[in-house]
$ cat my_file-v2.cif   # mmCIF, C-alpha atoms
data_upload
loop_
_atom_site.label_atom_id
_atom_site.label_comp_id
_atom_site.auth_asym_id
_atom_site.auth_seq_id
_atom_site.Cartn_x
_atom_site.Cartn_y
_atom_site.Cartn_z
CA MET A 16 -103.20 3.87 225.05
CA SER A 17 -104.09 0.26 224.22
CA THR A 18 -101.35 -2.31 223.80
CA TYR A 19 -101.17 -4.67 220.86
CA THR A 20 -98.96 -7.10 219.02
CA TYR A 21 -98.27 -7.24 215.30
CA GLU A 22 -100.56 -10.25 214.98
CA ASP A 23 -103.37 -8.42 216.82
CA ILE A 24 -103.33 -5.76 214.11
CA ALA A 25 -102.60 -7.95 211.07
CA LYS A 26 -105.48 -10.27 211.94
CA MET A 27 -107.89 -7.32 211.88
CA ILE A 28 -107.29 -6.70 208.18
CA ASP A 29 -109.25 -8.04 205.23
CA HIS A 30 -107.01 -7.13 202.30
CA SER A 31 -109.41 -5.86 199.66
CA LEU A 32 -108.94 -6.81 195.99
CA LEU A 33 -112.32 -5.67 194.68
CA ASN A 34 -111.39 -2.81 192.36
CA PRO A 35 -112.79 -3.98 189.00
CA ILE A 36 -109.79 -2.65 187.05
CA LEU A 37 -107.21 -4.77 188.89
CA THR A 38 -105.43 -7.06 186.44
CA VAL A 39 -104.78 -10.76 186.98
CA ALA A 40 -101.15 -9.93 187.74
CA GLU A 41 -102.26 -7.43 190.38
CA LEU A 42 -104.66 -9.94 191.94
CA GLU A 43 -101.83 -12.46 192.14
CA GLU A 44 -99.52 -9.91 193.74
CA GLY A 45 -102.25 -8.84 196.15
CA CYS A 46 -102.68 -12.40 197.39
CA GLU A 47 -98.91 -12.69 197.80
CA LEU A 48 -98.84 -9.42 199.72
CA ALA A 49 -101.63 -10.56 202.06
CA ARG A 50 -99.86 -13.83 202.74
CA HIS A 51 -96.57 -12.02 203.34
CA TYR A 52 -98.16 -9.73 205.94
CA ASN A 53 -100.24 -12.57 207.46
CA VAL A 54 -103.52 -10.67 207.46
CA ALA A 55 -106.94 -12.08 208.37
CA SER A 56 -108.26 -12.58 204.85
CA VAL A 57 -108.15 -11.58 201.21
CA CYS A 58 -111.51 -10.33 199.96
CA ILE A 59 -111.27 -10.82 196.21
CA MET A 60 -113.49 -10.57 193.15
CA PRO A 61 -115.57 -13.77 192.94
CA TYR A 62 -114.16 -14.95 189.63
CA TYR A 63 -110.66 -15.22 191.11
CA LEU A 64 -111.58 -16.81 194.44
CA SER A 65 -110.54 -20.36 193.58
CA ARG A 66 -107.07 -19.16 192.57
CA CYS A 67 -106.92 -17.00 195.71
CA ALA A 68 -107.70 -20.05 197.87
CA GLU A 69 -104.94 -21.95 196.09
CA LEU A 70 -102.41 -19.15 196.68
CA LEU A 71 -103.32 -18.91 200.38
CA ARG A 72 -103.29 -22.66 201.06
CA GLY A 73 -101.06 -23.55 204.00
CA SER A 74 -101.31 -20.07 205.52
CA THR A 75 -103.69 -18.69 208.15
CA VAL A 76 -105.01 -16.07 205.70
CA GLN A 77 -108.62 -16.81 204.75
CA PRO A 78 -109.94 -16.60 201.17
CA SER A 79 -113.10 -14.50 201.06
CA THR A 80 -115.36 -12.85 198.51
CA THR A 81 -118.53 -10.82 198.08
CA ILE A 82 -122.18 -11.78 197.54
CA GLY A 83 -124.73 -9.47 195.91
CA PHE A 84 -122.00 -6.87 195.57
CA PRO A 85 -122.05 -3.91 195.46
CA HIS A 86 -125.74 -2.90 195.23
CA GLY A 87 -127.52 -5.81 196.94
CA GLY A 88 -130.40 -5.87 194.46
CA HIS A 89 -129.99 -9.47 193.26
CA LYS A 90 -132.82 -11.91 193.95
CA THR A 91 -132.16 -14.12 196.97
CA ALA A 92 -131.86 -17.16 194.70
CA ILE A 93 -129.01 -15.47 192.81
CA LYS A 94 -127.23 -14.56 196.05
CA LEU A 95 -127.55 -18.16 197.20
CA ALA A 96 -126.11 -19.36 193.89
CA GLU A 97 -123.21 -16.95 194.31
CA ALA A 98 -122.63 -18.19 197.85
CA ARG A 99 -122.78 -21.83 196.73
CA GLN A 100 -120.17 -21.17 194.06
CA ALA A 101 -117.95 -19.22 196.47
CA LEU A 102 -118.01 -22.08 198.96
CA ALA A 103 -117.20 -24.57 196.20
CA ASP A 104 -114.28 -22.34 195.19
CA GLY A 105 -112.81 -22.52 198.69
CA GLY A 106 -114.21 -19.36 200.24
CA THR A 107 -114.32 -19.43 204.02
CA GLU A 108 -115.78 -15.95 204.62
CA LEU A 109 -118.59 -14.30 202.64
CA ASP A 110 -119.33 -10.56 202.61
CA MET A 111 -122.98 -10.17 201.56
CA VAL A 112 -124.85 -6.96 200.75
CA ILE A 113 -128.40 -6.73 202.08
CA ASN A 114 -131.25 -5.82 199.75
CA ILE A 115 -130.99 -2.06 200.28
CA SER A 116 -134.24 -1.35 198.46
CA ARG A 117 -136.20 -3.73 200.70
CA ALA A 118 -134.59 -2.23 203.82
CA LYS A 119 -135.45 1.29 202.65
CA SER A 120 -139.02 0.06 202.11
CA GLY A 121 -139.23 -1.25 205.66
CA ASP A 122 -139.68 -4.84 204.47
CA TRP A 123 -137.83 -6.38 207.39
CA PRO A 124 -139.27 -9.91 206.97
CA TYR A 125 -137.74 -10.06 203.46
CA VAL A 126 -134.41 -8.66 204.64
CA ALA A 127 -134.28 -11.06 207.58
CA ALA A 128 -135.23 -14.10 205.50
CA GLU A 129 -132.50 -13.36 202.97
CA ILE A 130 -129.83 -12.84 205.62
CA LYS A 131 -130.89 -16.05 207.38
CA SER A 132 -130.82 -18.14 204.21
CA LEU A 133 -127.27 -17.02 203.40
CA THR A 134 -126.11 -17.34 206.99
CA ASP A 135 -127.49 -20.87 207.20
CA MET A 136 -125.70 -21.86 203.99
CA ALA A 137 -122.40 -20.38 205.16
CA HIS A 138 -122.56 -21.95 208.60
CA LEU A 139 -123.62 -25.37 207.31
CA ASN A 140 -120.47 -25.32 205.18
CA GLY A 141 -118.17 -24.20 207.97
CA ALA A 142 -117.84 -20.67 206.62
CA LYS A 143 -118.48 -17.26 208.21
CA ILE A 144 -120.61 -14.38 206.98
CA LYS A 145 -120.37 -10.60 207.13
CA VAL A 146 -123.56 -8.62 206.46
CA ILE A 147 -123.07 -5.26 204.72
CA PHE A 148 -125.67 -2.62 205.65
CA GLU A 149 -124.42 0.16 203.31
CA ASN A 150 -124.93 2.72 206.06
CA ALA A 151 -124.75 5.70 203.71
CA TYR A 152 -128.33 4.89 202.74
CA GLN A 153 -129.72 3.92 206.17
CA ASP A 154 -130.98 6.09 209.02
CA ASP A 155 -130.08 5.20 212.60
CA ALA A 156 -133.37 3.39 213.21
CA ALA A 157 -132.70 1.12 210.23
CA LYS A 158 -129.10 0.47 211.33
CA ILE A 159 -130.34 -0.54 214.77
CA ARG A 160 -133.04 -2.80 213.29
CA LEU A 161 -130.45 -4.47 211.06
CA CYS A 162 -128.20 -5.08 214.08
CA GLU A 163 -131.14 -6.65 215.90
CA ILE A 164 -131.98 -8.90 212.94
CA CYS A 165 -128.37 -9.98 212.53
CA GLY A 166 -128.09 -10.66 216.26
CA GLU A 167 -131.21 -12.83 216.23
CA ILE A 168 -129.93 -14.80 213.23
CA GLY A 169 -126.39 -15.14 214.58
CA VAL A 170 -124.28 -13.71 211.76
CA ASP A 171 -120.55 -13.44 212.34
CA TRP A 172 -120.03 -9.76 211.51
CA VAL A 173 -122.11 -6.70 210.75
CA LYS A 174 -120.31 -4.45 208.28
CA THR A 175 -120.72 -0.77 207.49
CA SER A 176 -120.30 -0.47 203.76
CA THR A 177 -119.11 -1.66 200.37
CA GLY A 178 -116.81 1.22 199.51
CA TYR A 179 -119.04 2.13 196.56
CA ALA A 180 -121.49 4.40 198.39
CA PRO A 181 -120.93 8.14 199.06
CA THR A 182 -119.58 7.44 202.57
CA GLY A 183 -118.00 4.52 204.40
CA ALA A 184 -117.33 3.70 208.03
CA THR A 185 -117.75 6.45 210.63
CA ILE A 186 -116.97 6.36 214.33
CA GLU A 187 -120.61 7.19 215.07
CA ASP A 188 -121.93 4.28 213.01
CA LEU A 189 -119.39 1.82 214.38
CA THR A 190 -120.21 2.84 217.95
CA LEU A 191 -123.94 2.43 217.26
CA MET A 192 -123.44 -0.98 215.62
CA ARG A 193 -121.31 -2.23 218.50
CA GLN A 194 -123.85 -0.99 221.06
CA HIS A 195 -126.80 -2.66 219.33
CA SER A 196 -125.17 -5.98 218.40
CA PRO A 197 -124.82 -8.89 220.83
CA ALA A 198 -121.34 -9.86 221.98
CA ASN A 199 -121.21 -12.85 219.63
CA VAL A 200 -121.66 -10.60 216.55
CA GLN A 201 -118.49 -8.78 215.55
CA VAL A 202 -118.26 -5.42 213.74
CA LYS A 203 -116.33 -4.73 210.54
CA ALA A 204 -115.42 -1.26 209.27
CA ALA A 205 -115.10 -0.72 205.52
CA GLY A 206 -114.25 2.52 203.79
CA GLY A 207 -112.30 5.23 205.57
CA VAL A 208 -109.77 3.27 207.66
CA ARG A 209 -106.68 4.38 205.78
CA ASP A 210 -103.85 4.36 208.32
CA LEU A 211 -102.75 2.69 211.54
CA ASP A 212 -104.08 5.45 213.79
CA ALA A 213 -107.55 5.10 212.26
CA LEU A 214 -107.39 1.33 212.70
CA LEU A 215 -106.39 1.67 216.36
CA LYS A 216 -109.21 4.14 216.92
CA VAL A 217 -111.88 1.76 215.64
CA ARG A 218 -110.24 -1.13 217.51
CA ASP A 219 -110.71 0.79 220.74
CA ILE A 220 -114.48 0.88 220.23
CA GLY A 221 -114.72 -2.84 219.58
CA VAL A 222 -114.21 -3.26 215.82
CA THR A 223 -112.47 -6.57 215.02
CA ARG A 224 -112.08 -6.33 211.22
CA VAL A 225 -111.41 -3.60 208.70
CA GLY A 226 -111.40 -3.74 204.94
CA SER A 227 -108.23 -2.20 203.58
CA THR A 228 -106.44 -1.43 200.35
CA ARG A 229 -103.53 0.09 202.32
CA THR A 230 -102.46 -3.03 204.12
CA ALA A 231 -98.72 -2.69 203.56
CA LEU A 232 -98.72 0.95 204.69
CA MET A 233 -100.53 0.17 207.94
CA LEU A 234 -98.58 -2.96 208.81
CA ASP A 235 -95.18 -1.47 207.99
CA GLU A 236 -96.07 1.38 210.35
CA CYS A 237 -97.19 -1.15 212.97
CA ARG A 238 -93.86 -2.96 212.81
CA LYS A 239 -92.03 0.35 213.03
CA ARG A 240 -93.89 1.38 216.18
CA LEU A 241 -93.30 -2.01 217.76
CA SER A 242 -89.58 -1.76 216.87
CA LEU A 243 -89.74 -4.95 214.84
CA TYR A 244 -87.42 -5.67 211.98
CA PRO A 245 -88.99 -4.54 208.71
CA THR A 246 -90.38 -7.16 206.36
CA PRO A 247 -90.40 -5.34 203.03
CA PHE A 248 -92.71 -6.81 200.45
CA GLY A 249 -90.24 -5.94 197.75
CA LYS A 250 -92.55 -4.12 195.34
CA ALA A 251 -94.75 -1.08 195.56
CA ALA A 252 -98.44 -1.89 195.76
CA PRO A 253 -100.03 -1.81 192.30
CA ALA A 254 -102.19 1.07 191.17
CA GLY A 255 -105.66 0.76 192.60
CA TYR A 256 -104.60 -0.66 195.98
#

$ encode --input "my_file-v2.cif" --output "structure tokens"
Amino acid sequence: MSTYTYEDIAKMIDHSLLNPILTVAELEEGCELARHYNVASVCIMPYYLSRCAELLRGSTVQPSTTIGFPHGGHKTAIKLAEARQALADGGTELDMVINISRAKSGDWPYVAAEIKSLTDMAHLNGAKIKVIFENAYQDDAAKIRLCEICGEIGVDWVKTSTGYAPTGATIEDLTLMRQHSPANVQVKAAGGVRDLDALLKVRDIGVTRVGSTRTALMLDECRKRLSLYPTPFGKAAPAGY
């Protein structure tokens, strides 16, 4: 059994606030929750990113958002405009969706050029980028090719899914992505990591980030197993978390 600290686990979690029906009050509470539990980042709807960055200022929790989300079909120029705005709003991590249609068509030069343009923009501005494959729609050969492209470009993470496709992260996909990505490219699991045991399982195969709406549940359980004093958030997580 692997050993871990609370911080090891908390800093694996991107607290997800992407459900389109979340209210402003729920977004505010979600940022407060993420700061309270000292997670890696809050991944929030783009329109609220500047406020998220303000709420997280002074903490080690990173403000992040999505680009081309959730279907990836935007023109590259639109994705770049989204990224530019996100960086101006204080975003330090960007989760971009590839052009799924182009990948399904085998147009790898287009896919690679788009990923590179967004990666270059992020890195020039001191930000990091996670590239979402949406594995539900890719065969293994395409997943491997995407890992190779991302490795050549030097993205920060390859990521399984958006949470809006029929399936999310699987152990098989995460293992494949880790095997076919260079050591400097990390792997993020999204969709399906719903409790601490699932998080520990993907951690053991080399995953360094997970997207989660069940942050409090997992981290309260982590503290319990480590025999740490509880740090109750004080309120139940809002509907949609």

$ resolve_selection --input "my_file-v2.cif" --expression "the PyMOL selection byres ((chain A and resi 18) around 12)" --output "PyMOL selection string"
chain A and resi 16-17+19-24+215+218-219+237+240-241

$ atom_distance --input "my_file-v2.cif" --atom1 "atom CA of A:Tyr52" --atom2 "atom CA of A:Arg238"
10.6 Å

$ residues_around --input "my_file-v2.cif" --residues "A:Asp104" --least-positions-apart "6" --cutoff "10 Å" --atoms "all atoms listed in the file" --output "list in words"
Pro61, Tyr62, Tyr63, Leu64, Ser65, Arg66, Cys67, Ala68, Glu69, Pro78, Ser79 and Ala98 of chain A

$ residues_near_point --input "my_file-v2.cif" --point "(-138.4, 6.6, 201.6)" --cutoff "12 Å" --atoms "all atoms listed in the file" --output "VMD selection string"
chain A and resid 115 to 122 152 to 154 157

$ atom_distance --input "my_file-v2.cif" --atom1 "atom CA of A:Leu70" --atom2 "atom CA of A:Val225"
21.6 Å

$ closest_residue --input "my_file-v2.cif" --among "A:Ala142, A:Ala55, A:Leu42, A:Cys165" --to "A:Thr230" --atoms "all atoms listed in the file"
A:Ala55

$ resolve_selection --input "my_file-v2.cif" --expression "the PyMOL selection byres ((chain A and resi 227) around 10)" --output "ChimeraX atom specification"
/A:27-32,57-58,204-210,214,224-226,228-231,233,256

$ closest_residue --input "my_file-v2.cif" --among "A:Val39, A:Ala151, A:Leu95, A:Ala198" --to "A:Gly178" --atoms "all atoms listed in the file"
A:Ala151

$ resolve_selection --input "my_file-v2.cif" --expression "the PyMOL selection byres ((chain A and resi 114) around 9)" --output "list in words"
Gly83, His86, Gly87, Gly88, His89, Lys90, Thr91, Val112, Ile113, Ile115, Ser116, Arg117, Ala118, Lys119, Tyr125, Val126, Glu129 and Phe148 of chain A

$ atom_distance --input "my_file-v2.cif" --atom1 "atom CA of A:Asn150" --atom2 "atom CA of A:Ile59"
21.6 Å

$ decode --input "my_file-v2.cif" --residues "stretch 199-234 of chain A" --atoms "N, CA, C and O atoms" --output "compact mmCIF listing (two decimals), in the first residue's frame"
# COMPACT_ATOMS: atom_id res chain seq x y z
N ASN A 199 7.96 14.06 -18.61
CA ASN A 199 7.66 15.46 -18.31
C ASN A 199 6.20 15.83 -18.56
O ASN A 199 5.77 16.94 -18.23
N VAL A 200 5.43 14.94 -19.16
CA VAL A 200 3.99 15.18 -19.39
C VAL A 200 3.20 14.38 -18.36
O VAL A 200 3.31 13.15 -18.29
N GLN A 201 2.42 15.09 -17.56
CA GLN A 201 1.63 14.44 -16.52
C GLN A 201 0.28 13.97 -17.07
O GLN A 201 -0.10 14.34 -18.18
N VAL A 202 -0.42 13.16 -16.28
CA VAL A 202 -1.71 12.60 -16.71
C VAL A 202 -2.79 13.03 -15.72
O VAL A 202 -2.60 12.93 -14.50
N LYS A 203 -3.90 13.51 -16.27
CA LYS A 203 -5.05 13.89 -15.44
C LYS A 203 -6.25 13.01 -15.78
O LYS A 203 -6.58 12.81 -16.95
N ALA A 204 -6.91 12.52 -14.73
CA ALA A 204 -8.13 11.72 -14.87
C ALA A 204 -9.34 12.61 -14.62
O ALA A 204 -9.36 13.36 -13.63
N ALA A 205 -10.32 12.53 -15.48
CA ALA A 205 -11.56 13.29 -15.28
C ALA A 205 -12.75 12.40 -15.59
O ALA A 205 -12.77 11.73 -16.62
N GLY A 206 -13.70 12.38 -14.67
CA GLY A 206 -14.89 11.56 -14.86
C GLY A 206 -14.68 10.16 -14.33
O GLY A 206 -13.95 9.39 -14.93
N GLY A 207 -15.27 9.86 -13.20
CA GLY A 207 -15.22 8.50 -12.67
C GLY A 207 -14.41 8.33 -11.40
O GLY A 207 -14.49 7.28 -10.76
N VAL A 208 -13.63 9.34 -11.00
CA VAL A 208 -12.88 9.24 -9.74
C VAL A 208 -13.75 9.89 -8.67
O VAL A 208 -13.73 11.11 -8.48
N ARG A 209 -14.50 9.05 -7.96
CA ARG A 209 -15.56 9.57 -7.09
C ARG A 209 -15.31 9.36 -5.60
O ARG A 209 -16.10 9.81 -4.78
N ASP A 210 -14.24 8.64 -5.25
CA ASP A 210 -13.94 8.46 -3.83
C ASP A 210 -12.44 8.31 -3.65
O ASP A 210 -11.68 8.24 -4.63
N LEU A 211 -12.01 8.27 -2.39
CA LEU A 211 -10.58 8.24 -2.10
C LEU A 211 -9.92 6.98 -2.64
O LEU A 211 -8.79 7.03 -3.16
N ASP A 212 -10.58 5.84 -2.54
CA ASP A 212 -9.98 4.61 -3.04
C ASP A 212 -9.72 4.69 -4.54
O ASP A 212 -8.68 4.22 -5.03
N ALA A 213 -10.66 5.27 -5.29
CA ALA A 213 -10.46 5.43 -6.73
C ALA A 213 -9.30 6.38 -7.01
O ALA A 213 -8.50 6.14 -7.92
N LEU A 214 -9.20 7.45 -6.22
CA LEU A 214 -8.09 8.38 -6.40
C LEU A 214 -6.75 7.69 -6.13
O LEU A 214 -5.79 7.86 -6.88
N LEU A 215 -6.68 6.92 -5.06
CA LEU A 215 -5.43 6.22 -4.73
C LEU A 215 -5.06 5.21 -5.81
O LEU A 215 -3.88 5.01 -6.10
N LYS A 216 -6.08 4.60 -6.40
CA LYS A 216 -5.81 3.61 -7.45
C LYS A 216 -5.19 4.27 -8.67
O LYS A 216 -4.21 3.75 -9.24
N VAL A 217 -5.71 5.42 -9.09
CA VAL A 217 -5.12 6.08 -10.26
C VAL A 217 -3.77 6.69 -9.90
O VAL A 217 -2.87 6.77 -10.75
N ARG A 218 -3.61 7.13 -8.66
CA ARG A 218 -2.30 7.65 -8.22
C ARG A 218 -1.23 6.59 -8.37
O ARG A 218 -0.09 6.89 -8.78
N ASP A 219 -1.58 5.36 -8.06
CA ASP A 219 -0.59 4.27 -8.11
C ASP A 219 -0.10 3.98 -9.53
O ASP A 219 0.96 3.39 -9.70
N ILE A 220 -0.88 4.38 -10.54
CA ILE A 220 -0.41 4.15 -11.91
C ILE A 220 0.21 5.40 -12.53
O ILE A 220 0.52 5.43 -13.72
N GLY A 221 0.36 6.44 -11.72
CA GLY A 221 1.10 7.61 -12.18
C GLY A 221 0.28 8.84 -12.49
O GLY A 221 0.82 9.83 -12.98
N VAL A 222 -1.02 8.83 -12.20
CA VAL A 222 -1.86 10.01 -12.39
C VAL A 222 -1.52 11.04 -11.32
O VAL A 222 -1.38 10.69 -10.14
N THR A 223 -1.39 12.31 -11.71
CA THR A 223 -1.04 13.36 -10.76
C THR A 223 -2.17 14.35 -10.49
O THR A 223 -2.10 15.12 -9.53
N ARG A 224 -3.20 14.36 -11.32
CA ARG A 224 -4.36 15.22 -11.10
C ARG A 224 -5.64 14.47 -11.41
O ARG A 224 -5.67 13.62 -12.31
N VAL A 225 -6.69 14.83 -10.68
CA VAL A 225 -8.03 14.33 -10.99
C VAL A 225 -9.00 15.50 -10.92
O VAL A 225 -8.86 16.38 -10.06
N GLY A 226 -9.97 15.49 -11.80
CA GLY A 226 -11.05 16.46 -11.70
C GLY A 226 -12.11 15.88 -10.78
O GLY A 226 -12.47 14.71 -10.92
N SER A 227 -12.62 16.69 -9.86
CA SER A 227 -13.55 16.15 -8.88
C SER A 227 -14.65 17.14 -8.52
O SER A 227 -14.40 18.34 -8.39
N THR A 228 -15.85 16.62 -8.36
CA THR A 228 -16.94 17.38 -7.75
C THR A 228 -17.19 16.89 -6.33
O THR A 228 -18.08 17.40 -5.65
N ARG A 229 -16.44 15.89 -5.89
CA ARG A 229 -16.64 15.29 -4.56
C ARG A 229 -15.42 15.51 -3.67
O ARG A 229 -15.01 14.64 -2.91
N THR A 230 -14.88 16.69 -3.79
CA THR A 230 -13.65 17.04 -3.09
C THR A 230 -13.76 16.87 -1.58
O THR A 230 -12.89 16.26 -0.95
N ALA A 231 -14.80 17.42 -0.99
CA ALA A 231 -14.94 17.37 0.46
C ALA A 231 -15.05 15.91 0.93
O ALA A 231 -14.42 15.53 1.93
N LEU A 232 -15.82 15.10 0.23
CA LEU A 232 -15.98 13.70 0.60
C LEU A 232 -14.64 12.98 0.61
O LEU A 232 -14.29 12.27 1.56
N MET A 233 -13.84 13.17 -0.44
CA MET A 233 -12.56 12.47 -0.54
C MET A 233 -11.57 12.96 0.50
O MET A 233 -10.86 12.17 1.13
N LEU A 234 -11.52 14.28 0.70
CA LEU A 234 -10.50 14.80 1.61
C LEU A 234 -10.87 14.63 3.07
O LEU A 234 -10.00 14.48 3.93
